[in-house]
Amino acid sequence: MALAAPALRRYLLLLAQEHLEFRLPEITSLLSLYGGQFSSEQEIRVNSPFWILSIPSEEMARGLMKRTVCAKSIFELWGHGRSAGELYACLKNYPMDKMLPYLQSDSTYKVHIHTFNKTLTQAQKIKKIDALEFLPFKGKVNLKNPEHIFWILEDYGMDPNNVPEEPFHLYFGRWIADGQRELIESYSVKKRHFIGNTSMDACLSFIMANHGRVKPNDVVYDPFVGTGGLLISSAHFGAYVCGADIDYNTIHGLGKASRKNQKWRGPDENIRANLRQYGLEKYYLDALVSDSSRPIWRKGMLFDAIITDPPYGIREATRRTGSQKETVKSAERSTDNHIFVSSSYHLSDIFFDLLKFAAEYLVMGGRLVYWLPIYRPEYTEEIIPRHPCLKLISNCEQMLSSHTSRRLITMEKVKEFKDQDQHSYLLDGQYMPYRGHNSFREKYFSGVTKRIAKEEKDNQK
Amino acid sequence: MKLLTHNLLSSHVRGLRPGGGFPLQIQASEVRVRPVPFNAAFVARLVPRLRWAALLEAAESLGHPSELPPEPAADYEGDESFLRRVHHILLEVEVLEGVLQCPDSGRRFPISRGIPNMLLSEEEA
């Protein structure tokens, strides 16, 4: 028998069944943050809530759970099988010396049973737990506050209309840690003091920070910062944050409030105040008013991550500085600080400028994470913008309507920026989905889309 | 605006010589010192990204001479008192009201309520 290199242990990850496409990149990014490689022998069924991970240490498993919002819990896997018999046989083969530390007579424990896609009666649950009597549990059962918690997990498949009598997969493991899903509630936008029209849902903003491999003591920048929602998740993970926005009023916390029933944003409504609300003010660096299509920084590798949600031109006005006369809604204390802005900035330019900015200003290995709006009937992977210095890491879709979605794009800087690397490009140079009359904005608003939507609605009646 | 940010900002007015536009001269009418919890590891990470002379000059111009050496010492990472002084000057001194002036073109960027406004018009950019 060949000796394995660092022995990998098997852990069972129990995931939440939402944002399915976003989960694997999140877990992969986080494991790499803790020094792990995600080996190809992983037993992952991407849409299933049960993943078996082979990783070198419990420490890495705990590190992962301190960050993930996609996974609910992780377990040290003692056995699994496609039937109860297989599970028990597997458990009997699990090394006794690995079990005993957790089954000591002076310890307390409980066994919990979790079923996916089926509800069991209390009697059924007890029967299944009792069937594990063959395991050498020497400790005392304590249901309230046990030292060790063991779980039986049963997978009854993905079809709620076709639930089998027996589970497809069974697992047994020792509970190690829960993930960070409680952050979703505690950082909910509903409770936030300062919001804008496009404030990001809390779960997705934590996913973005995780895709971005944000680490404590990183400097994270958002060039379309708005009310700063995306910075909050990075600050929560210990990064220092800054952002810029072309909208003077938003950065200053002035003007019409986005929250219903509120007339005016208060004097303390701004990005700094949002961070203060969560005890994260120490991570606030600065906010600036600037046009992200124009440079304001000195050349150099200044930022560890760029995490942003550029304006799509639909809810937020897409703007760029220009000379076109346009009344700008300004604060009462009007100054000559306001430059007139025009609407002639093509949607596509935003993304190419963003990639070029990331290529130049990210540190090596730093990540760019941003949302790209998609017109689904015409989507192909070729429309994702590319840059010679950036490697595409992941591309995850969130549907908005049947014809529109947005994709969370993550890129990593793998090559140093030289002046000849100026330009971003598309894999197929002919294909310019974001320009001109074929642009995303046109399609979104076009009569065609509306007619199709109406047809779908009629069909549902 | 903190001096960390100031150290990274540059003017990009059209027609500047290469390397021009940096550092911006600070003319502050209101400066505030606000404590920020000290984090040695963070400050040590920042030191290599800074333009040191510009930092010292900026601190001086605000009337907060930094008591820092002309260059970081080779073993700065382990020198807590050095890092604390860097921390103070980078993160705790904020310009609330004032102007940043491009040293080459003279173009002025206002700072109000601690927020610099770096917008240029179409002609200037």
# chains A, B, ... in the order shown; residues from 1 in each chain; ligands from 1
>>> select_by_dssp(residues="chain B", states="alpha helix (DSSP H)", output="PDB file with all heavy atoms, in the first residue's frame")
ATOM      1  N   LEU B   3      -4.063  60.939   5.287  1.00  0.00           N
ATOM      2  CA  LEU B   3      -2.816  61.125   4.549  1.00  0.00           C
ATOM      3  C   LEU B   3      -2.420  59.874   3.777  1.00  0.00           C
ATOM      4  O   LEU B   3      -1.654  59.951   2.820  1.00  0.00           O
ATOM      5  CB  LEU B   3      -1.690  61.578   5.493  1.00  0.00           C
ATOM      6  CG  LEU B   3      -1.890  62.992   6.030  1.00  0.00           C
ATOM      7  CD1 LEU B   3      -0.657  63.464   6.802  1.00  0.00           C
ATOM      8  CD2 LEU B   3      -2.177  63.983   4.906  1.00  0.00           C
ATOM      9  N   LEU B   4      -2.958  58.721   4.176  1.00  0.00           N
ATOM     10  CA  LEU B   4      -2.728  57.518   3.365  1.00  0.00           C
ATOM     11  C   LEU B   4      -3.291  57.743   1.964  1.00  0.00           C
ATOM     12  O   LEU B   4      -2.621  57.528   0.953  1.00  0.00           O
ATOM     13  CB  LEU B   4      -3.389  56.300   4.004  1.00  0.00           C
ATOM     14  CG  LEU B   4      -3.451  55.047   3.110  1.00  0.00           C
ATOM     15  CD1 LEU B   4      -2.048  54.576   2.723  1.00  0.00           C
ATOM     16  CD2 LEU B   4      -4.200  53.912   3.802  1.00  0.00           C
ATOM     17  N   THR B   5      -4.544  58.169   1.904  1.00  0.00           N
ATOM     18  CA  THR B   5      -5.184  58.404   0.608  1.00  0.00           C
ATOM     19  C   THR B   5      -4.425  59.484  -0.163  1.00  0.00           C
ATOM     20  O   THR B   5      -4.166  59.333  -1.364  1.00  0.00           O
ATOM     21  CB  THR B   5      -6.640  58.834   0.814  1.00  0.00           C
ATOM     22  OG1 THR B   5      -7.289  57.867   1.626  1.00  0.00           O
ATOM     23  CG2 THR B   5      -7.369  58.981  -0.502  1.00  0.00           C
ATOM     24  N   HIS B   6      -4.074  60.555   0.530  1.00  0.00           N
ATOM     25  CA  HIS B   6      -3.345  61.634  -0.133  1.00  0.00           C
ATOM     26  C   HIS B   6      -2.079  61.105  -0.799  1.00  0.00           C
ATOM     27  O   HIS B   6      -1.702  61.542  -1.894  1.00  0.00           O
ATOM     28  CB  HIS B   6      -2.977  62.736   0.867  1.00  0.00           C
ATOM     29  CG  HIS B   6      -1.982  63.714   0.313  1.00  0.00           C
ATOM     30  ND1 HIS B   6      -0.621  63.631   0.583  1.00  0.00           N
ATOM     31  CD2 HIS B   6      -2.140  64.744  -0.548  1.00  0.00           C
ATOM     32  CE1 HIS B   6       0.013  64.595  -0.072  1.00  0.00           C
ATOM     33  NE2 HIS B   6      -0.875  65.273  -0.768  1.00  0.00           N
ATOM     34  N   ASN B   7      -1.423  60.139  -0.147  1.00  0.00           N
ATOM     35  CA  ASN B   7      -0.165  59.611  -0.660  1.00  0.00           C
ATOM     36  C   ASN B   7      -0.342  58.809  -1.946  1.00  0.00           C
ATOM     37  O   ASN B   7       0.607  58.572  -2.683  1.00  0.00           O
ATOM     38  CB  ASN B   7       0.505  58.735   0.411  1.00  0.00           C
ATOM     39  CG  ASN B   7       1.969  58.496   0.135  1.00  0.00           C
ATOM     40  OD1 ASN B   7       2.352  57.490  -0.452  1.00  0.00           O
ATOM     41  ND2 ASN B   7       2.796  59.449   0.533  1.00  0.00           N
ATOM     42  N   LEU B   8      -1.599  58.401  -2.201  1.00  0.00           N
ATOM     43  CA  LEU B   8      -1.860  57.594  -3.389  1.00  0.00           C
ATOM     44  C   LEU B   8      -2.479  58.417  -4.524  1.00  0.00           C
ATOM     45  O   LEU B   8      -2.538  57.966  -5.664  1.00  0.00           O
ATOM     46  CB  LEU B   8      -2.816  56.438  -3.049  1.00  0.00           C
ATOM     47  CG  LEU B   8      -2.433  55.557  -1.855  1.00  0.00           C
ATOM     48  CD1 LEU B   8      -3.480  54.461  -1.666  1.00  0.00           C
ATOM     49  CD2 LEU B   8      -1.066  54.929  -2.041  1.00  0.00           C
ATOM     50  N   ALA B  40      -0.398  46.988  13.910  1.00  0.00           N
ATOM     51  CA  ALA B  40       0.984  46.990  13.424  1.00  0.00           C
ATOM     52  C   ALA B  40       1.112  46.282  12.081  1.00  0.00           C
ATOM     53  O   ALA B  40       1.815  46.749  11.182  1.00  0.00           O
ATOM     54  CB  ALA B  40       1.909  46.348  14.458  1.00  0.00           C
ATOM     55  N   ALA B  41       0.439  45.146  11.945  1.00  0.00           N
ATOM     56  CA  ALA B  41       0.581  44.355  10.720  1.00  0.00           C
ATOM     57  C   ALA B  41       0.086  45.142   9.519  1.00  0.00           C
ATOM     58  O   ALA B  41       0.691  45.108   8.438  1.00  0.00           O
ATOM     59  CB  ALA B  41      -0.186  43.046  10.855  1.00  0.00           C
ATOM     60  N   PHE B  42      -1.012  45.860   9.690  1.00  0.00           N
ATOM     61  CA  PHE B  42      -1.562  46.639   8.576  1.00  0.00           C
ATOM     62  C   PHE B  42      -0.595  47.753   8.185  1.00  0.00           C
ATOM     63  O   PHE B  42      -0.277  47.943   7.010  1.00  0.00           O
ATOM     64  CB  PHE B  42      -2.921  47.222   8.967  1.00  0.00           C
ATOM     65  CG  PHE B  42      -3.541  48.086   7.904  1.00  0.00           C
ATOM     66  CD1 PHE B  42      -3.797  47.581   6.644  1.00  0.00           C
ATOM     67  CD2 PHE B  42      -3.873  49.416   8.170  1.00  0.00           C
ATOM     68  CE1 PHE B  42      -4.377  48.371   5.657  1.00  0.00           C
ATOM     69  CE2 PHE B  42      -4.445  50.216   7.194  1.00  0.00           C
ATOM     70  CZ  PHE B  42      -4.701  49.699   5.933  1.00  0.00           C
ATOM     71  N   VAL B  43      -0.106  48.485   9.178  1.00  0.00           N
ATOM     72  CA  VAL B  43       0.801  49.587   8.882  1.00  0.00           C
ATOM     73  C   VAL B  43       2.062  49.077   8.187  1.00  0.00           C
ATOM     74  O   VAL B  43       2.522  49.641   7.195  1.00  0.00           O
ATOM     75  CB  VAL B  43       1.177  50.348  10.176  1.00  0.00           C
ATOM     76  CG1 VAL B  43       2.148  51.473   9.860  1.00  0.00           C
ATOM     77  CG2 VAL B  43      -0.062  50.912  10.828  1.00  0.00           C
ATOM     78  N   ALA B  44       2.593  47.967   8.676  1.00  0.00           N
ATOM     79  CA  ALA B  44       3.812  47.406   8.070  1.00  0.00           C
ATOM     80  C   ALA B  44       3.570  47.023   6.612  1.00  0.00           C
ATOM     81  O   ALA B  44       4.437  47.193   5.756  1.00  0.00           O
ATOM     82  CB  ALA B  44       4.282  46.190   8.869  1.00  0.00           C
ATOM     83  N   ARG B  45       2.394  46.534   6.297  1.00  0.00           N
ATOM     84  CA  ARG B  45       2.054  46.180   4.906  1.00  0.00           C
ATOM     85  C   ARG B  45       1.995  47.408   4.020  1.00  0.00           C
ATOM     86  O   ARG B  45       2.237  47.335   2.814  1.00  0.00           O
ATOM     87  CB  ARG B  45       0.673  45.539   4.851  1.00  0.00           C
ATOM     88  CG  ARG B  45       0.674  44.074   5.091  1.00  0.00           C
ATOM     89  CD  ARG B  45      -0.686  43.516   4.711  1.00  0.00           C
ATOM     90  NE  ARG B  45      -0.625  42.885   3.416  1.00  0.00           N
ATOM     91  CZ  ARG B  45      -1.564  42.979   2.476  1.00  0.00           C
ATOM     92  NH1 ARG B  45      -2.632  43.687   2.666  1.00  0.00           N
ATOM     93  NH2 ARG B  45      -1.415  42.348   1.347  1.00  0.00           N
ATOM     94  N   LEU B  46       1.605  48.536   4.615  1.00  0.00           N
ATOM     95  CA  LEU B  46       1.430  49.736   3.802  1.00  0.00           C
ATOM     96  C   LEU B  46       2.762  50.390   3.447  1.00  0.00           C
ATOM     97  O   LEU B  46       2.889  51.008   2.389  1.00  0.00           O
ATOM     98  CB  LEU B  46       0.580  50.769   4.550  1.00  0.00           C
ATOM     99  CG  LEU B  46      -0.893  50.443   4.732  1.00  0.00           C
ATOM    100  CD1 LEU B  46      -1.553  51.549   5.543  1.00  0.00           C
ATOM    101  CD2 LEU B  46      -1.576  50.303   3.381  1.00  0.00           C
ATOM    102  N   TRP B  52       7.515  57.891   0.448  1.00  0.00           N
ATOM    103  CA  TRP B  52       7.883  58.319   1.788  1.00  0.00           C
ATOM    104  C   TRP B  52       8.077  59.825   1.900  1.00  0.00           C
ATOM    105  O   TRP B  52       7.557  60.472   2.805  1.00  0.00           O
ATOM    106  CB  TRP B  52       9.158  57.573   2.200  1.00  0.00           C
ATOM    107  CG  TRP B  52       9.402  57.608   3.649  1.00  0.00           C
ATOM    108  CD1 TRP B  52      10.359  58.313   4.308  1.00  0.00           C
ATOM    109  CD2 TRP B  52       8.652  56.923   4.659  1.00  0.00           C
ATOM    110  NE1 TRP B  52      10.270  58.118   5.655  1.00  0.00           N
ATOM    111  CE2 TRP B  52       9.218  57.269   5.900  1.00  0.00           C
ATOM    112  CE3 TRP B  52       7.549  56.061   4.642  1.00  0.00           C
ATOM    113  CZ2 TRP B  52       8.732  56.767   7.111  1.00  0.00           C
ATOM    114  CZ3 TRP B  52       7.065  55.576   5.840  1.00  0.00           C
ATOM    115  CH2 TRP B  52       7.650  55.934   7.059  1.00  0.00           C
ATOM    116  N   ALA B  53       8.826  60.405   0.962  1.00  0.00           N
ATOM    117  CA  ALA B  53       9.111  61.849   1.046  1.00  0.00           C
ATOM    118  C   ALA B  53       7.817  62.648   0.986  1.00  0.00           C
ATOM    119  O   ALA B  53       7.643  63.636   1.718  1.00  0.00           O
ATOM    120  CB  ALA B  53      10.052  62.265  -0.078  1.00  0.00           C
ATOM    121  N   ALA B  54       6.895  62.205   0.130  1.00  0.00           N
ATOM    122  CA  ALA B  54       5.616  62.911   0.000  1.00  0.00           C
ATOM    123  C   ALA B  54       4.827  62.835   1.295  1.00  0.00           C
ATOM    124  O   ALA B  54       4.131  63.781   1.676  1.00  0.00           O
ATOM    125  CB  ALA B  54       4.804  62.319  -1.153  1.00  0.00           C
ATOM    126  N   LEU B  55       4.944  61.712   1.995  1.00  0.00           N
ATOM    127  CA  LEU B  55       4.239  61.555   3.264  1.00  0.00           C
ATOM    128  C   LEU B  55       4.772  62.540   4.306  1.00  0.00           C
ATOM    129  O   LEU B  55       4.015  63.240   4.980  1.00  0.00           O
ATOM    130  CB  LEU B  55       4.378  60.123   3.777  1.00  0.00           C
ATOM    131  CG  LEU B  55       3.727  59.837   5.142  1.00  0.00           C
ATOM    132  CD1 LEU B  55       2.212  59.980   5.056  1.00  0.00           C
ATOM    133  CD2 LEU B  55       4.094  58.431   5.627  1.00  0.00           C
ATOM    134  N   LEU B  56       6.081  62.594   4.409  1.00  0.00           N
ATOM    135  CA  LEU B  56       6.688  63.486   5.404  1.00  0.00           C
ATOM    136  C   LEU B  56       6.323  64.940   5.106  1.00  0.00           C
ATOM    137  O   LEU B  56       6.004  65.728   5.993  1.00  0.00           O
ATOM    138  CB  LEU B  56       8.213  63.331   5.419  1.00  0.00           C
ATOM    139  CG  LEU B  56       8.784  61.965   5.753  1.00  0.00           C
ATOM    140  CD1 LEU B  56      10.271  62.067   6.095  1.00  0.00           C
ATOM    141  CD2 LEU B  56       8.064  61.324   6.915  1.00  0.00           C
ATOM    142  N   GLU B  57       6.378  65.274   3.812  1.00  0.00           N
ATOM    143  CA  GLU B  57       6.078  66.644   3.383  1.00  0.00           C
ATOM    144  C   GLU B  57       4.637  67.000   3.711  1.00  0.00           C
ATOM    145  O   GLU B  57       4.337  68.114   4.173  1.00  0.00           O
ATOM    146  CB  GLU B  57       6.303  66.686   1.877  1.00  0.00           C
ATOM    147  CG  GLU B  57       6.398  68.041   1.243  1.00  0.00           C
ATOM    148  CD  GLU B  57       6.516  67.859  -0.275  1.00  0.00           C
ATOM    149  OE1 GLU B  57       7.448  67.151  -0.714  1.00  0.00           O
ATOM    150  OE2 GLU B  57       5.659  68.405  -0.994  1.00  0.00           O
ATOM    151  N   ALA B  58       3.718  66.054   3.459  1.00  0.00           N
ATOM    152  CA  ALA B  58       2.304  66.319   3.704  1.00  0.00           C
ATOM    153  C   ALA B  58       2.051  66.530   5.195  1.00  0.00           C
ATOM    154  O   ALA B  58       1.322  67.443   5.591  1.00  0.00           O
ATOM    155  CB  ALA B  58       1.457  65.160   3.178  1.00  0.00           C
ATOM    156  N   ALA B  59       2.669  65.692   6.018  1.00  0.00           N
ATOM    157  CA  ALA B  59       2.477  65.815   7.467  1.00  0.00           C
ATOM    158  C   ALA B  59       2.977  67.173   7.945  1.00  0.00           C
ATOM    159  O   ALA B  59       2.335  67.862   8.736  1.00  0.00           O
ATOM    160  CB  ALA B  59       3.219  64.690   8.178  1.00  0.00           C
ATOM    161  N   GLU B  60       4.133  67.530   7.450  1.00  0.00           N
ATOM    162  CA  GLU B  60       4.736  68.831   7.778  1.00  0.00           C
ATOM    163  C   GLU B  60       3.788  69.959   7.399  1.00  0.00           C
ATOM    164  O   GLU B  60       3.536  70.881   8.183  1.00  0.00           O
ATOM    165  CB  GLU B  60       6.036  68.925   6.967  1.00  0.00           C
ATOM    166  CG  GLU B  60       7.037  69.933   7.423  1.00  0.00           C
ATOM    167  CD  GLU B  60       7.700  69.554   8.736  1.00  0.00           C
ATOM    168  OE1 GLU B  60       8.098  68.379   8.905  1.00  0.00           O
ATOM    169  OE2 GLU B  60       7.794  70.433   9.594  1.00  0.00           O
ATOM    170  N   SER B  61       3.231  69.884   6.196  1.00  0.00           N
ATOM    171  CA  SER B  61       2.407  70.988   5.694  1.00  0.00           C
ATOM    172  C   SER B  61       1.128  71.143   6.497  1.00  0.00           C
ATOM    173  O   SER B  61       0.503  72.201   6.484  1.00  0.00           O
ATOM    174  CB  SER B  61       2.078  70.779   4.207  1.00  0.00           C
ATOM    175  OG  SER B  61       1.076  69.807   4.070  1.00  0.00           O
ATOM    176  N   GLU B  80       8.003  48.830  16.788  1.00  0.00           N
ATOM    177  CA  GLU B  80       6.647  49.257  17.112  1.00  0.00           C
ATOM    178  C   GLU B  80       6.514  50.765  17.233  1.00  0.00           C
ATOM    179  O   GLU B  80       5.524  51.351  16.780  1.00  0.00           O
ATOM    180  CB  GLU B  80       6.151  48.597  18.396  1.00  0.00           C
ATOM    181  CG  GLU B  80       4.678  48.928  18.612  1.00  0.00           C
ATOM    182  CD  GLU B  80       4.093  48.345  19.879  1.00  0.00           C
ATOM    183  OE1 GLU B  80       4.262  47.129  20.078  1.00  0.00           O
ATOM    184  OE2 GLU B  80       3.476  49.115  20.651  1.00  0.00           O
ATOM    185  N   SER B  81       7.503  51.413  17.812  1.00  0.00           N
ATOM    186  CA  SER B  81       7.323  52.854  18.006  1.00  0.00           C
ATOM    187  C   SER B  81       7.345  53.573  16.649  1.00  0.00           C
ATOM    188  O   SER B  81       6.621  54.543  16.426  1.00  0.00           O
ATOM    189  CB  SER B  81       8.344  53.412  18.997  1.00  0.00           C
ATOM    190  OG  SER B  81       9.492  53.832  18.328  1.00  0.00           O
ATOM    191  N   PHE B  82       8.148  53.065  15.737  1.00  0.00           N
ATOM    192  CA  PHE B  82       8.151  53.606  14.377  1.00  0.00           C
ATOM    193  C   PHE B  82       6.790  53.400  13.722  1.00  0.00           C
ATOM    194  O   PHE B  82       6.174  54.319  13.180  1.00  0.00           O
ATOM    195  CB  PHE B  82       9.245  52.914  13.556  1.00  0.00           C
ATOM    196  CG  PHE B  82       9.155  53.175  12.077  1.00  0.00           C
ATOM    197  CD1 PHE B  82       9.635  54.359  11.532  1.00  0.00           C
ATOM    198  CD2 PHE B  82       8.582  52.235  11.221  1.00  0.00           C
ATOM    199  CE1 PHE B  82       9.553  54.609  10.171  1.00  0.00           C
ATOM    200  CE2 PHE B  82       8.503  52.473   9.859  1.00  0.00           C
ATOM    201  CZ  PHE B  82       8.988  53.660   9.333  1.00  0.00           C
ATOM    202  N   LEU B  83       6.274  52.172  13.840  1.00  0.00           N
ATOM    203  CA  LEU B  83       4.990  51.859  13.207  1.00  0.00           C
ATOM    204  C   LEU B  83       3.862  52.697  13.811  1.00  0.00           C
ATOM    205  O   LEU B  83       2.946  53.114  13.096  1.00  0.00           O
ATOM    206  CB  LEU B  83       4.683  50.363  13.328  1.00  0.00           C
ATOM    207  CG  LEU B  83       5.588  49.430  12.515  1.00  0.00           C
ATOM    208  CD1 LEU B  83       5.264  47.969  12.812  1.00  0.00           C
ATOM    209  CD2 LEU B  83       5.472  49.698  11.017  1.00  0.00           C
ATOM    210  N   ARG B  84       3.936  52.941  15.108  1.00  0.00           N
ATOM    211  CA  ARG B  84       2.892  53.762  15.740  1.00  0.00           C
ATOM    212  C   ARG B  84       2.909  55.183  15.191  1.00  0.00           C
ATOM    213  O   ARG B  84       1.869  55.807  15.001  1.00  0.00           O
ATOM    214  CB  ARG B  84       3.067  53.794  17.260  1.00  0.00           C
ATOM    215  CG  ARG B  84       2.492  52.566  17.927  1.00  0.00           C
ATOM    216  CD  ARG B  84       2.464  52.693  19.445  1.00  0.00           C
ATOM    217  NE  ARG B  84       1.946  51.469  20.027  1.00  0.00           N
ATOM    218  CZ  ARG B  84       0.653  51.215  20.250  1.00  0.00           C
ATOM    219  NH1 ARG B  84      -0.252  52.127  19.950  1.00  0.00           N
ATOM    220  NH2 ARG B  84       0.279  50.061  20.771  1.00  0.00           N
ATOM    221  N   ARG B  85       4.114  55.706  14.945  1.00  0.00           N
ATOM    222  CA  ARG B  85       4.181  57.057  14.392  1.00  0.00           C
ATOM    223  C   ARG B  85       3.661  57.081  12.959  1.00  0.00           C
ATOM    224  O   ARG B  85       2.967  58.016  12.544  1.00  0.00           O
ATOM    225  CB  ARG B  85       5.607  57.597  14.475  1.00  0.00           C
ATOM    226  CG  ARG B  85       5.878  58.283  15.821  1.00  0.00           C
ATOM    227  CD  ARG B  85       7.331  58.719  15.969  1.00  0.00           C
ATOM    228  NE  ARG B  85       8.176  57.637  16.410  1.00  0.00           N
ATOM    229  CZ  ARG B  85       9.423  57.434  15.975  1.00  0.00           C
ATOM    230  NH1 ARG B  85       9.954  58.227  15.076  1.00  0.00           N
ATOM    231  NH2 ARG B  85      10.122  56.420  16.441  1.00  0.00           N
ATOM    232  N   VAL B  86       3.972  56.047  12.206  1.00  0.00           N
ATOM    233  CA  VAL B  86       3.448  55.956  10.839  1.00  0.00           C
ATOM    234  C   VAL B  86       1.920  55.847  10.887  1.00  0.00           C
ATOM    235  O   VAL B  86       1.201  56.522  10.140  1.00  0.00           O
ATOM    236  CB  VAL B  86       4.032  54.732  10.089  1.00  0.00           C
ATOM    237  CG1 VAL B  86       3.430  54.640   8.690  1.00  0.00           C
ATOM    238  CG2 VAL B  86       5.543  54.825   9.997  1.00  0.00           C
ATOM    239  N   HIS B  87       1.434  54.996  11.774  1.00  0.00           N
ATOM    240  CA  HIS B  87      -0.008  54.805  11.934  1.00  0.00           C
ATOM    241  C   HIS B  87      -0.702  56.143  12.193  1.00  0.00           C
ATOM    242  O   HIS B  87      -1.715  56.480  11.582  1.00  0.00           O
ATOM    243  CB  HIS B  87      -0.259  53.836  13.091  1.00  0.00           C
ATOM    244  CG  HIS B  87      -1.653  53.873  13.648  1.00  0.00           C
ATOM    245  ND1 HIS B  87      -2.694  53.157  13.097  1.00  0.00           N
ATOM    246  CD2 HIS B  87      -2.189  54.556  14.694  1.00  0.00           C
ATOM    247  CE1 HIS B  87      -3.801  53.382  13.789  1.00  0.00           C
ATOM    248  NE2 HIS B  87      -3.529  54.238  14.755  1.00  0.00           N
TER     249      HIS B  87
END
>>> interface_residues(of="chain B", to="chain A", cutoff="6 Å", atoms="only C-alpha atoms", output="ChimeraX atom specification")
/B:8-10,36,42,115-119,122
>>> residues_around(residues="Ile129 in chain A", least_positions_apart="4", cutoff="9 Å", atoms="only C-alpha atoms", output="PyMOL selection string")
chain A and resi 111-113+124-125+133+152
>>> select_by_dssp(residues="chain B", states="strand (DSSP E or B)", output="JSON, numbers by chain")
{"B": [2, 9, 25, 26, 27, 28, 29, 30, 31, 32, 33, 93, 94, 95, 96, 97, 98, 99, 100, 101, 108, 109, 110, 111, 112, 115, 116, 117]}
>>> write_last_selection(atoms="N, CA and C atoms", output="CSV table (one decimal), in the first residue's frame")
chain,number,residue,atom,x,y,z
B,2,LYS,N,-7.6,61.2,4.7
B,2,LYS,CA,-6.4,60.7,5.5
B,2,LYS,C,-5.2,60.9,4.6
B,9,LEU,N,-3.0,59.6,-4.2
B,9,LEU,CA,-3.7,60.4,-5.2
B,9,LEU,C,-2.7,61.2,-6.1
B,25,GLN,N,-0.4,69.3,-3.4
B,25,GLN,CA,-0.1,70.1,-2.2
B,25,GLN,C,-1.4,70.3,-1.5
B,26,ILE,N,-1.3,70.2,-0.2
B,26,ILE,CA,-2.5,70.3,0.7
B,26,ILE,C,-2.6,71.7,1.3
B,27,GLN,N,-3.7,72.3,1.0
B,27,GLN,CA,-3.9,73.6,1.7
B,27,GLN,C,-5.2,73.4,2.6
B,28,ALA,N,-5.0,73.2,3.9
B,28,ALA,CA,-6.1,72.7,4.7
B,28,ALA,C,-6.6,73.9,5.5
B,29,SER,N,-7.9,74.1,5.6
B,29,SER,CA,-8.5,75.1,6.5
B,29,SER,C,-9.0,74.4,7.7
B,30,GLU,N,-9.3,73.1,7.7
B,30,GLU,CA,-9.7,72.4,8.9
B,30,GLU,C,-9.2,71.0,8.9
B,31,VAL,N,-8.5,70.7,10.0
B,31,VAL,CA,-7.8,69.4,10.1
B,31,VAL,C,-8.3,68.8,11.4
B,32,ARG,N,-8.6,67.5,11.5
B,32,ARG,CA,-9.0,66.8,12.7
B,32,ARG,C,-8.1,65.7,13.0
B,33,VAL,N,-7.9,65.4,14.2
B,33,VAL,CA,-7.2,64.2,14.6
B,33,VAL,C,-8.2,63.3,15.3
B,93,VAL,N,-4.8,61.6,11.1
B,93,VAL,CA,-4.9,63.0,10.8
B,93,VAL,C,-5.7,63.1,9.6
B,94,GLU,N,-6.8,63.9,9.7
B,94,GLU,CA,-7.7,64.0,8.5
B,94,GLU,C,-7.9,65.4,8.1
B,95,VAL,N,-7.9,65.7,6.8
B,95,VAL,CA,-8.2,67.0,6.3
B,95,VAL,C,-9.7,67.0,6.1
B,96,LEU,N,-10.4,67.9,6.8
B,96,LEU,CA,-11.9,68.0,6.7
B,96,LEU,C,-12.3,69.0,5.6
B,97,GLU,N,-11.6,70.2,5.6
B,97,GLU,CA,-11.9,71.2,4.6
B,97,GLU,C,-10.6,71.7,4.1
B,98,GLY,N,-10.5,71.9,2.8
B,98,GLY,CA,-9.3,72.5,2.2
B,98,GLY,C,-9.3,72.2,0.7
B,99,VAL,N,-8.1,72.2,0.2
B,99,VAL,CA,-7.9,72.1,-1.2
B,99,VAL,C,-6.6,71.3,-1.5
B,100,LEU,N,-6.7,70.5,-2.6
B,100,LEU,CA,-5.5,69.8,-3.0
B,100,LEU,C,-5.1,70.5,-4.3
B,101,GLN,N,-3.8,70.9,-4.4
B,101,GLN,CA,-3.4,71.6,-5.6
B,101,GLN,C,-2.4,70.8,-6.4
B,108,ARG,N,-7.0,73.1,-8.8
B,108,ARG,CA,-7.3,72.8,-7.4
B,108,ARG,C,-8.5,71.8,-7.2
B,109,PHE,N,-8.3,70.9,-6.4
B,109,PHE,CA,-9.4,69.9,-6.1
B,109,PHE,C,-9.9,70.1,-4.7
B,110,PRO,N,-11.1,70.5,-4.5
B,110,PRO,CA,-11.6,70.8,-3.2
B,110,PRO,C,-11.8,69.6,-2.3
B,111,ILE,N,-11.6,69.8,-1.0
B,111,ILE,CA,-12.0,68.8,0.0
B,111,ILE,C,-13.1,69.4,0.8
B,112,SER,N,-14.2,68.7,0.9
B,112,SER,CA,-15.3,69.2,1.8
B,112,SER,C,-15.9,68.1,2.6
B,115,ILE,N,-14.1,64.8,2.2
B,115,ILE,CA,-14.1,64.1,1.0
B,115,ILE,C,-13.6,64.9,-0.2
B,116,PRO,N,-12.5,64.4,-0.8
B,116,PRO,CA,-11.9,65.1,-1.9
B,116,PRO,C,-12.8,64.9,-3.2
B,117,ASN,N,-12.9,66.0,-4.0
B,117,ASN,CA,-13.6,65.9,-5.2
B,117,ASN,C,-12.6,66.0,-6.4
